[in-house]
>>> print(open('query.tsv').read())   # TSV, C-alpha atoms
chain	number	residue	atom	x	y	z
A	7	GLY	CA	23.84	39.89	71.57
A	8	ALA	CA	25.25	36.72	70.11
A	9	VAL	CA	23.31	35.24	67.21
A	10	VAL	CA	23.48	31.73	65.82
A	11	SER	CA	21.90	31.14	62.46
A	12	GLN	CA	20.78	27.68	61.41
A	13	HIS	CA	19.70	26.63	57.94
A	14	PRO	CA	17.45	25.15	56.70
A	15	SER	CA	14.74	25.62	59.29
A	16	TRP	CA	12.88	22.64	57.95
A	17	VAL	CA	13.54	19.97	55.36
A	18	ILE	CA	11.67	16.98	53.99
A	19	CYS	CA	13.61	14.29	52.21
A	20	LYS	CA	13.24	10.78	50.89
A	21	SER	CA	14.64	7.82	52.75
A	22	GLY	CA	18.20	7.08	51.71
A	23	THR	CA	19.19	10.62	50.83
A	24	SER	CA	21.62	12.83	52.72
A	25	VAL	CA	20.77	16.16	54.30
A	26	LYS	CA	23.15	18.94	55.32
A	27	ILE	CA	22.35	21.42	58.08
A	28	GLU	CA	24.43	24.55	58.54
A	29	CYS	CA	25.10	26.41	61.76
A	30	ARG	CA	26.70	29.85	61.65
A	31	SER	CA	27.79	32.24	64.37
A	32	LEU	CA	26.94	35.64	62.93
A	33	ASP	CA	28.74	38.14	65.10
A	34	PHE	CA	31.31	36.12	66.96
A	35	GLN	CA	33.82	33.36	66.43
A	36	ALA	CA	32.99	29.95	67.80
A	37	THR	CA	35.82	27.46	68.17
A	38	THR	CA	33.31	25.02	69.62
A	39	MET	CA	29.76	24.30	68.59
A	40	PHE	CA	27.38	21.70	69.92
A	41	TRP	CA	24.81	19.65	68.03
A	42	TYR	CA	21.68	18.46	69.80
A	43	ARG	CA	18.61	16.56	68.67
A	44	GLN	CA	15.22	16.77	70.24
A	45	PHE	CA	12.25	14.43	69.84
A	46	PRO	CA	8.73	15.76	70.44
A	47	LYS	CA	8.09	16.66	74.07
A	48	GLN	CA	11.54	15.50	75.06
A	49	SER	CA	14.63	17.37	76.05
A	50	LEU	CA	17.79	18.12	74.18
A	51	MET	CA	20.15	15.21	73.68
A	52	LEU	CA	23.74	16.14	72.95
A	53	MET	CA	24.96	14.41	69.83
A	54	ALA	CA	28.45	15.78	69.40
A	55	THR	CA	30.83	18.60	70.10
A	56	SER	CA	32.16	20.25	66.98
A	57	ASN	CA	35.70	21.61	67.19
A	58	GLU	CA	37.08	24.02	64.62
A	59	GLY	CA	39.92	22.47	62.69
A	60	SER	CA	39.71	19.05	64.30
A	61	LYS	CA	37.46	16.03	64.53
A	62	ALA	CA	34.16	16.22	66.33
A	63	THR	CA	33.68	14.46	69.65
A	64	TYR	CA	30.62	12.23	69.55
A	65	GLU	CA	28.49	11.18	72.50
A	66	GLN	CA	28.08	7.55	73.30
A	67	GLY	CA	25.60	5.87	71.02
A	68	VAL	CA	25.80	8.45	68.23
A	69	GLU	CA	27.03	7.02	64.94
A	70	LYS	CA	29.79	9.26	63.64
A	71	ASP	CA	29.57	7.79	60.14
A	72	LYS	CA	25.90	8.60	59.95
A	73	PHE	CA	26.05	12.09	61.44
A	74	LEU	CA	29.01	13.77	59.77
A	75	ILE	CA	30.18	16.98	61.37
A	76	ASN	CA	32.52	19.46	59.75
A	77	HIS	CA	33.75	22.62	61.47
A	78	ALA	CA	35.91	24.15	58.78
A	79	SER	CA	35.90	27.75	59.99
A	80	LEU	CA	35.38	29.73	63.18
A	81	THR	CA	31.87	30.68	62.15
A	82	LEU	CA	30.49	27.58	60.45
A	83	SER	CA	29.74	24.03	61.47
A	84	THR	CA	27.73	21.58	59.36
A	85	LEU	CA	25.88	18.41	60.27
A	86	THR	CA	25.19	15.95	57.46
A	87	VAL	CA	22.68	13.19	58.09
A	88	THR	CA	23.77	10.48	55.67
A	89	SER	CA	21.39	7.91	54.23
A	90	ALA	CA	18.55	9.32	56.26
A	91	HIS	CA	15.75	7.06	57.46
A	92	PRO	CA	12.37	7.88	59.03
A	93	GLU	CA	13.76	7.26	62.52
A	94	ASP	CA	16.19	10.15	61.92
A	95	SER	CA	13.24	12.54	61.73
A	96	SER	CA	13.79	14.97	64.55
A	97	PHE	CA	14.50	18.57	65.53
A	98	TYR	CA	18.23	19.25	65.24
A	99	ILE	CA	19.59	22.27	67.11
A	100	CYS	CA	23.08	23.69	67.10
A	101	SER	CA	24.56	25.96	69.70
A	102	ALA	CA	27.71	27.93	70.33
A	103	ARG	CA	29.20	30.03	73.07
A	104	ASP	CA	30.44	33.55	72.58
A	105	GLN	CA	32.59	33.70	75.69
A	106	PRO	CA	36.20	32.60	76.03
A	107	SER	CA	36.49	29.10	77.45
A	108	HIS	CA	38.20	30.24	80.65
A	109	THR	CA	35.39	32.57	81.73
A	110	LEU	CA	32.59	31.62	84.07
A	111	LEU	CA	29.97	32.25	81.42
A	112	ALA	CA	31.74	30.08	78.85
A	113	ASN	CA	28.89	27.63	78.73
A	114	VAL	CA	26.04	30.06	78.38
A	115	LEU	CA	25.10	28.68	75.03
A	116	THR	CA	23.34	30.54	72.28
A	117	PHE	CA	21.12	28.28	70.25
A	118	GLY	CA	20.18	28.34	66.61
A	119	ALA	CA	16.50	28.27	65.70
A	120	GLY	CA	16.69	24.57	64.91
A	121	SER	CA	16.12	22.45	61.82
A	122	ARG	CA	13.17	20.13	61.62
A	123	LEU	CA	13.98	17.08	59.53
A	124	THR	CA	11.26	14.82	58.20
A	125	VAL	CA	12.33	11.70	56.36
A	126	LEU	CA	9.63	10.04	54.30
B	5	GLY	CA	26.50	8.58	85.12
B	6	GLN	CA	24.74	11.88	84.75
B	7	ASN	CA	21.17	12.31	85.93
B	8	ILE	CA	18.99	15.42	85.99
B	9	ASP	CA	15.41	15.28	87.23
B	10	GLN	CA	12.64	17.82	87.01
B	11	PRO	CA	8.84	17.53	87.00
B	12	THR	CA	7.29	16.79	83.65
B	13	GLU	CA	4.40	19.24	83.80
B	14	MET	CA	3.11	22.06	85.96
B	15	THR	CA	0.18	24.43	85.77
B	16	ALA	CA	-0.23	27.84	87.35
B	17	THR	CA	-2.50	30.86	87.28
B	18	GLU	CA	-1.69	34.16	85.64
B	19	GLY	CA	-0.22	36.58	88.17
B	20	ALA	CA	0.83	33.81	90.56
B	21	ILE	CA	4.26	32.48	91.52
B	22	VAL	CA	5.57	29.07	90.48
B	23	GLN	CA	8.68	27.17	91.51
B	24	ILE	CA	10.22	24.56	89.22
B	25	ASN	CA	12.60	22.18	90.96
B	26	CYS	CA	15.61	20.39	89.54
B	27	THR	CA	17.81	17.78	91.17
B	28	TYR	CA	21.01	16.51	89.67
B	29	GLN	CA	23.64	13.84	90.11
B	30	THR	CA	26.69	14.43	87.95
B	31	SER	CA	30.35	13.56	87.94
B	32	GLY	CA	31.55	16.93	89.18
B	33	PHE	CA	29.85	20.27	88.82
B	34	ASN	CA	30.75	23.47	87.00
B	35	GLY	CA	27.49	25.33	86.86
B	36	LEU	CA	23.73	24.98	86.47
B	37	PHE	CA	21.68	26.71	83.81
B	38	TRP	CA	18.01	27.33	83.19
B	39	TYR	CA	16.65	27.76	79.68
B	40	GLN	CA	13.18	28.57	78.40
B	41	GLN	CA	11.88	26.90	75.26
B	42	HIS	CA	8.64	27.65	73.48
B	43	ALA	CA	7.21	24.91	71.31
B	44	GLY	CA	9.09	24.55	68.03
B	45	GLU	CA	11.66	27.16	68.95
B	46	ALA	CA	15.22	27.19	70.20
B	47	PRO	CA	15.95	27.43	73.92
B	48	THR	CA	16.80	30.85	75.32
B	49	PHE	CA	19.06	31.43	78.30
B	50	LEU	CA	17.42	32.48	81.56
B	51	SER	CA	19.89	32.11	84.41
B	52	TYR	CA	23.15	30.62	85.60
B	53	ASN	CA	24.28	29.49	89.08
B	54	VAL	CA	27.72	28.27	90.00
B	55	LEU	CA	27.77	29.22	93.71
B	56	ASP	CA	25.15	28.45	96.36
B	57	GLY	CA	22.40	30.97	96.76
B	58	LEU	CA	19.84	32.94	94.86
B	59	GLU	CA	20.32	34.79	91.59
B	60	GLU	CA	17.60	37.26	90.70
B	61	LYS	CA	16.83	38.63	87.25
B	62	GLY	CA	13.59	40.55	87.10
B	63	ARG	CA	10.63	38.19	87.41
B	64	PHE	CA	12.92	35.18	87.32
B	65	SER	CA	15.12	33.88	90.15
B	66	SER	CA	17.21	30.75	90.38
B	67	PHE	CA	18.53	29.05	93.50
B	68	LEU	CA	21.33	26.52	93.91
B	69	SER	CA	22.44	24.21	96.70
B	70	ARG	CA	25.48	22.25	95.58
B	71	SER	CA	25.57	20.07	98.69
B	72	LYS	CA	22.01	18.91	97.99
B	73	GLY	CA	22.37	18.72	94.21
B	74	TYR	CA	19.30	20.93	93.98
B	75	SER	CA	18.14	24.00	92.14
B	76	TYR	CA	14.89	25.76	91.53
B	77	LEU	CA	13.63	28.38	89.11
B	78	LEU	CA	11.13	30.83	90.55
B	79	LEU	CA	8.82	32.72	88.24
B	80	LYS	CA	6.85	35.63	89.69
B	81	GLU	CA	3.89	37.58	88.35
B	82	LEU	CA	3.21	34.89	85.81
B	83	GLN	CA	2.10	35.92	82.35
B	84	MET	CA	0.46	33.86	79.65
B	85	LYS	CA	3.61	34.14	77.56
B	86	ASP	CA	5.49	32.25	80.28
B	87	SER	CA	3.78	29.07	79.10
B	88	ALA	CA	6.76	27.10	77.81
B	89	SER	CA	9.15	24.32	78.68
B	90	TYR	CA	11.84	25.10	81.23
B	91	LEU	CA	15.05	23.17	80.87
B	92	CYS	CA	17.52	22.59	83.68
B	93	ALA	CA	21.06	21.94	82.45
B	94	VAL	CA	24.29	21.10	84.25
B	95	ARG	CA	27.90	21.38	83.18
B	96	PRO	CA	29.66	18.36	84.70
B	97	GLY	CA	33.16	18.73	86.06
B	98	GLY	CA	35.92	18.57	83.48
B	99	TYR	CA	33.53	18.53	80.55
B	100	ASN	CA	33.05	21.16	77.92
B	101	LYS	CA	29.32	20.57	77.43
B	102	LEU	CA	25.88	20.90	78.97
B	103	ILE	CA	23.65	18.01	79.99
B	104	PHE	CA	19.94	18.81	79.88
B	105	GLY	CA	17.09	17.52	81.98
B	106	ALA	CA	13.89	16.40	80.27
B	107	GLY	CA	12.29	19.80	80.81
B	108	THR	CA	9.19	20.97	82.67
B	109	ARG	CA	6.21	22.05	80.58
B	110	LEU	CA	4.53	24.96	82.32
B	111	ALA	CA	0.99	25.95	81.39
B	112	VAL	CA	-0.21	29.34	82.61
B	113	HIS	CA	-3.99	29.81	82.56
B	114	PRO	CA	-6.14	32.88	83.19
>>> encode(input="query.tsv", output="structure tokens")
Amino acid sequence: GAVVSQHPSWVICKSGTSVKIECRSLDFQATTMFWYRQFPKQSLMLMATSNEGSKATYEQGVEKDKFLINHASLTLSTLTVTSAHPEDSSFYICSARDQPSHTLLANVLTFGAGSRLTVL
Amino acid sequence: GQNIDQPTEMTATEGAIVQINCTYQTSGFNGLFWYQQHAGEAPTFLSYNVLDGLEEKGRFSSFLSRSKGYSYLLLKELQMKDSASYLCAVRPGGYNKLIFGAGTRLAVHP
């Protein structure tokens, strides 16, 4: 089945530094990937939709200059948390679909294993 | 706006049956999904409903009523490994994304 690889699985950084998280589709091409964040015991909050070859679409309230998304190829999307602060500590999860957009199962998302960010 | 509601926590006994409800109010509707998430792990896909009725997959079944904005996930023959969070997610009309509910934490005890 479809596999989404996310790296790193966990990272600890100092306040003010930037952290990059990679999301790769291993056995399929993903024109669209989705970035979510999840606080402890809460559900997934969609941050942005990453589109290959074009700008990401950010959800309301998400700072696009702080959470930089680059989707340079059909198998790779990156999320960079710039000038990270302790309140950015969270579980970041990417996802992608392996079905063509016109099919009924187009939104059966495959998730990466997540990246736990801790900002000191 | 978009709103998805499900109970916060449930407990059940090993071998029993449990039903997790989900109600939604979204601008349009293009499908409802159930995901399972163990603590610290990524969600895994369980089921998908786009038409009214029941979809059965082994021990798991999911039901949808679009007119009522209601779905449930039914888990049979519960096992300890079923202890997890169960996320209800809806694809609103005209949108290329999924909106998740807060999740229901299910604890299965002997």
>>> interface_residues(input="query.tsv", of="chain A", to="chain B", cutoff="9 Å", atoms="only C-alpha atoms", output="PyMOL selection string")
chain A and resi 40+47-52+55+97+99+107+110-111+113-120+122
>>> atom_distance(input="query.tsv", atom1="CA of Leu68 in chain B", atom2="CA of Pro11 in chain B")
16.9 Å
>>> residues_near_point(input="query.tsv", point="(29.6, 35.6, 63.7)", cutoff="10 Å", atoms="all atoms listed in the file", output="PyMOL selection string")
chain A and resi 8-11+30-36+80-82+104
>>> atom_distance(input="query.tsv", atom1="CA of Leu82 in chain B", atom2="CA of Gly19 in chain B")
4.5 Å
>>> closest_residue(input="query.tsv", among="B:Glu81, B:Pro114, B:Ala88, B:Tyr76", to="Met14 in chain B", atoms="all atoms listed in the file")
B:Ala88
>>> atom_distance(input="query.tsv", atom1="CA of Ala78 in chain A", atom2="CA of Ala90 in chain A")
23.0 Å
>>> closest_residue(input="query.tsv", among="A:Leu126, A:Cys19, A:Cys100, A:Val25", to="Tyr42 in chain A", atoms="only C-alpha atoms")
A:Cys100
>>> residues_around(input="query.tsv", residues="Gly97 in chain B", least_positions_apart="3", cutoff="7 Å", atoms="only C-alpha atoms", output="JSON, numbers by chain")
{"B": [31, 32, 33, 34]}
>>> residues_around(input="query.tsv", residues="Tyr64 in chain A", least_positions_apart="5", cutoff="8 Å", atoms="all atoms listed in the file", output="PyMOL selection string")
chain A and resi 53-55+69-70
>>> residues_around(input="query.tsv", residues="Leu79 in chain B", least_positions_apart="2", cutoff="8 Å", atoms="all atoms listed in the file", output="VMD selection string")
chain B and resid 21 to 23 63 to 65 77 81 to 82
>>> closest_residue(input="query.tsv", among="A:Lys26, A:His91, A:Arg43, A:His77", to="Glu58 in chain A", atoms="all atoms listed in the file")
A:His77
>>> closest_residue(input="query.tsv", among="B:Glu18, B:Asp86, B:Asp56, B:Glu13", to="Ser71 in chain B", atoms="all atoms listed in the file")
B:Asp56
>>> closest_residue(input="query.tsv", among="A:Ser83, A:Val125, A:Asn57, A:Ala102", to="Cys29 in chain A", atoms="only C-alpha atoms")
A:Ser83
>>> residues_around(input="query.tsv", residues="Ala16 in chain B", least_positions_apart="4", cutoff="7 Å", atoms="only C-alpha atoms", output="mmCIF file with C-alpha atoms, in the frame of the given file")
data_model
loop_
_atom_site.group_PDB
_atom_site.id
_atom_site.type_symbol
_atom_site.label_atom_id
_atom_site.label_comp_id
_atom_site.auth_asym_id
_atom_site.auth_seq_id
_atom_site.Cartn_x
_atom_site.Cartn_y
_atom_site.Cartn_z
ATOM 1 C CA ALA B 20 0.830 33.810 90.560
ATOM 2 C CA VAL B 22 5.570 29.070 90.480
ATOM 3 C CA ALA B 111 0.990 25.950 81.390
ATOM 4 C CA VAL B 112 -0.210 29.340 82.610
ATOM 5 C CA HIS B 113 -3.990 29.810 82.560
#
>>> closest_residue(input="query.tsv", among="A:Gln66, A:Thr37, A:Thr86, A:Ser56", to="Thr23 in chain A", atoms="all atoms listed in the file")
A:Thr86
>>> residues_near_point(input="query.tsv", point="(15.2, 10.9, 66.6)", cutoff="10 Å", atoms="only C-alpha atoms", output="PyMOL selection string")
chain A and resi 43-46+51+91-98+123
>>> decode(input="query.tsv", residues="range 43-79 of chain B", atoms="N, CA, C and O atoms", output="compact mmCIF listing (two decimals), in the first residue's frame")
# COMPACT_ATOMS: atom_id res chain seq x y z
N ALA B 43 -1.72 6.33 20.50
CA ALA B 43 -0.98 7.44 21.09
C ALA B 43 0.40 7.58 20.47
O ALA B 43 1.16 6.61 20.40
N GLY B 44 0.73 8.79 20.03
CA GLY B 44 2.05 9.05 19.48
C GLY B 44 2.28 8.53 18.08
O GLY B 44 3.41 8.58 17.58
N GLU B 45 1.23 8.01 17.46
CA GLU B 45 1.39 7.48 16.11
C GLU B 45 0.51 8.22 15.12
O GLU B 45 -0.36 9.01 15.49
N ALA B 46 0.73 7.95 13.85
CA ALA B 46 -0.09 8.57 12.81
C ALA B 46 -1.45 7.88 12.71
O ALA B 46 -1.59 6.70 13.02
N PRO B 47 -2.46 8.58 12.28
CA PRO B 47 -3.77 7.97 12.06
C PRO B 47 -3.72 6.95 10.93
O PRO B 47 -2.98 7.12 9.95
N THR B 48 -4.52 5.91 11.06
CA THR B 48 -4.65 4.92 9.98
C THR B 48 -6.11 4.85 9.55
O THR B 48 -7.02 4.91 10.38
N PHE B 49 -6.32 4.71 8.27
CA PHE B 49 -7.65 4.72 7.68
C PHE B 49 -8.44 3.48 8.07
O PHE B 49 -7.94 2.36 8.02
N LEU B 50 -9.70 3.69 8.47
CA LEU B 50 -10.57 2.58 8.81
C LEU B 50 -11.71 2.40 7.80
O LEU B 50 -11.94 1.30 7.32
N SER B 51 -12.43 3.49 7.53
CA SER B 51 -13.61 3.34 6.68
C SER B 51 -13.99 4.66 6.04
O SER B 51 -13.55 5.73 6.46
N TYR B 52 -14.84 4.54 5.03
CA TYR B 52 -15.26 5.70 4.24
C TYR B 52 -16.72 5.52 3.84
O TYR B 52 -17.09 4.46 3.35
N ASN B 53 -17.54 6.55 4.06
CA ASN B 53 -18.95 6.54 3.64
C ASN B 53 -19.23 7.79 2.83
O ASN B 53 -18.87 8.90 3.26
N VAL B 54 -19.86 7.62 1.70
CA VAL B 54 -20.30 8.78 0.93
C VAL B 54 -21.81 8.70 0.67
O VAL B 54 -22.46 9.72 0.48
N LEU B 55 -22.36 7.47 0.69
CA LEU B 55 -23.80 7.27 0.54
C LEU B 55 -24.39 6.78 1.86
O LEU B 55 -23.68 6.23 2.70
N ASP B 56 -25.68 6.98 2.04
CA ASP B 56 -26.35 6.53 3.26
C ASP B 56 -26.26 5.02 3.38
O ASP B 56 -26.31 4.29 2.39
N GLY B 57 -26.13 4.57 4.61
CA GLY B 57 -26.14 3.14 4.85
C GLY B 57 -24.92 2.67 5.61
O GLY B 57 -24.15 3.47 6.14
N LEU B 58 -24.80 1.37 5.65
CA LEU B 58 -23.77 0.72 6.45
C LEU B 58 -22.69 0.13 5.56
O LEU B 58 -22.96 -0.54 4.58
N GLU B 59 -21.43 0.39 5.95
CA GLU B 59 -20.28 -0.21 5.28
C GLU B 59 -19.59 -1.12 6.30
O GLU B 59 -19.26 -0.67 7.38
N GLU B 60 -19.40 -2.38 5.92
CA GLU B 60 -18.82 -3.32 6.86
C GLU B 60 -17.45 -3.79 6.38
O GLU B 60 -17.28 -4.13 5.21
N LYS B 61 -16.49 -3.78 7.33
CA LYS B 61 -15.14 -4.25 7.03
C LYS B 61 -14.65 -5.05 8.22
O LYS B 61 -14.08 -4.50 9.16
N GLY B 62 -14.90 -6.34 8.19
CA GLY B 62 -14.45 -7.19 9.29
C GLY B 62 -15.14 -6.82 10.59
O GLY B 62 -16.36 -6.74 10.66
N ARG B 63 -14.35 -6.54 11.62
CA ARG B 63 -14.93 -6.20 12.93
C ARG B 63 -15.44 -4.77 12.98
O ARG B 63 -16.09 -4.38 13.96
N PHE B 64 -15.13 -3.99 11.96
CA PHE B 64 -15.50 -2.58 11.96
C PHE B 64 -16.60 -2.32 10.94
O PHE B 64 -16.56 -2.82 9.82
N SER B 65 -17.58 -1.51 11.34
CA SER B 65 -18.64 -1.08 10.44
C SER B 65 -18.84 0.41 10.63
O SER B 65 -18.67 0.92 11.74
N SER B 66 -19.22 1.09 9.57
CA SER B 66 -19.53 2.51 9.70
C SER B 66 -20.84 2.80 9.00
O SER B 66 -21.12 2.26 7.93
N PHE B 67 -21.62 3.66 9.63
CA PHE B 67 -22.96 4.01 9.14
C PHE B 67 -23.02 5.49 8.86
O PHE B 67 -22.41 6.30 9.57
N LEU B 68 -23.80 5.86 7.86
CA LEU B 68 -23.97 7.28 7.52
C LEU B 68 -25.42 7.60 7.23
O LEU B 68 -26.10 6.86 6.51
N SER B 69 -25.89 8.72 7.76
CA SER B 69 -27.17 9.32 7.39
C SER B 69 -26.89 10.77 7.03
O SER B 69 -26.64 11.60 7.91
N ARG B 70 -26.92 11.07 5.76
CA ARG B 70 -26.60 12.43 5.32
C ARG B 70 -27.69 13.42 5.73
O ARG B 70 -27.40 14.57 6.07
N SER B 71 -28.93 12.99 5.72
CA SER B 71 -30.02 13.90 6.08
C SER B 71 -29.93 14.32 7.55
O SER B 71 -30.34 15.42 7.91
N LYS B 72 -29.38 13.44 8.38
CA LYS B 72 -29.26 13.75 9.80
C LYS B 72 -27.87 14.28 10.17
O LYS B 72 -27.64 14.67 11.32
N GLY B 73 -26.96 14.29 9.22
CA GLY B 73 -25.60 14.72 9.54
C GLY B 73 -24.99 13.84 10.62
O GLY B 73 -24.40 14.33 11.58
N TYR B 74 -25.12 12.54 10.44
CA TYR B 74 -24.80 11.60 11.53
C TYR B 74 -24.10 10.38 10.98
O TYR B 74 -24.43 9.86 9.91
N SER B 75 -23.12 9.93 11.74
CA SER B 75 -22.41 8.70 11.42
C SER B 75 -22.07 7.99 12.71
O SER B 75 -22.02 8.60 13.78
N TYR B 76 -21.87 6.69 12.62
CA TYR B 76 -21.30 5.98 13.75
C TYR B 76 -20.32 4.93 13.26
O TYR B 76 -20.41 4.43 12.14
N LEU B 77 -19.36 4.63 14.13
CA LEU B 77 -18.40 3.55 13.91
C LEU B 77 -18.72 2.47 14.92
O LEU B 77 -18.81 2.73 16.11
N LEU B 78 -18.91 1.26 14.43
CA LEU B 78 -19.25 0.13 15.29
C LEU B 78 -18.06 -0.83 15.34
O LEU B 78 -17.57 -1.27 14.28
N LEU B 79 -17.61 -1.11 16.53
CA LEU B 79 -16.50 -2.05 16.69
C LEU B 79 -17.02 -3.29 17.43
O LEU B 79 -17.55 -3.20 18.53
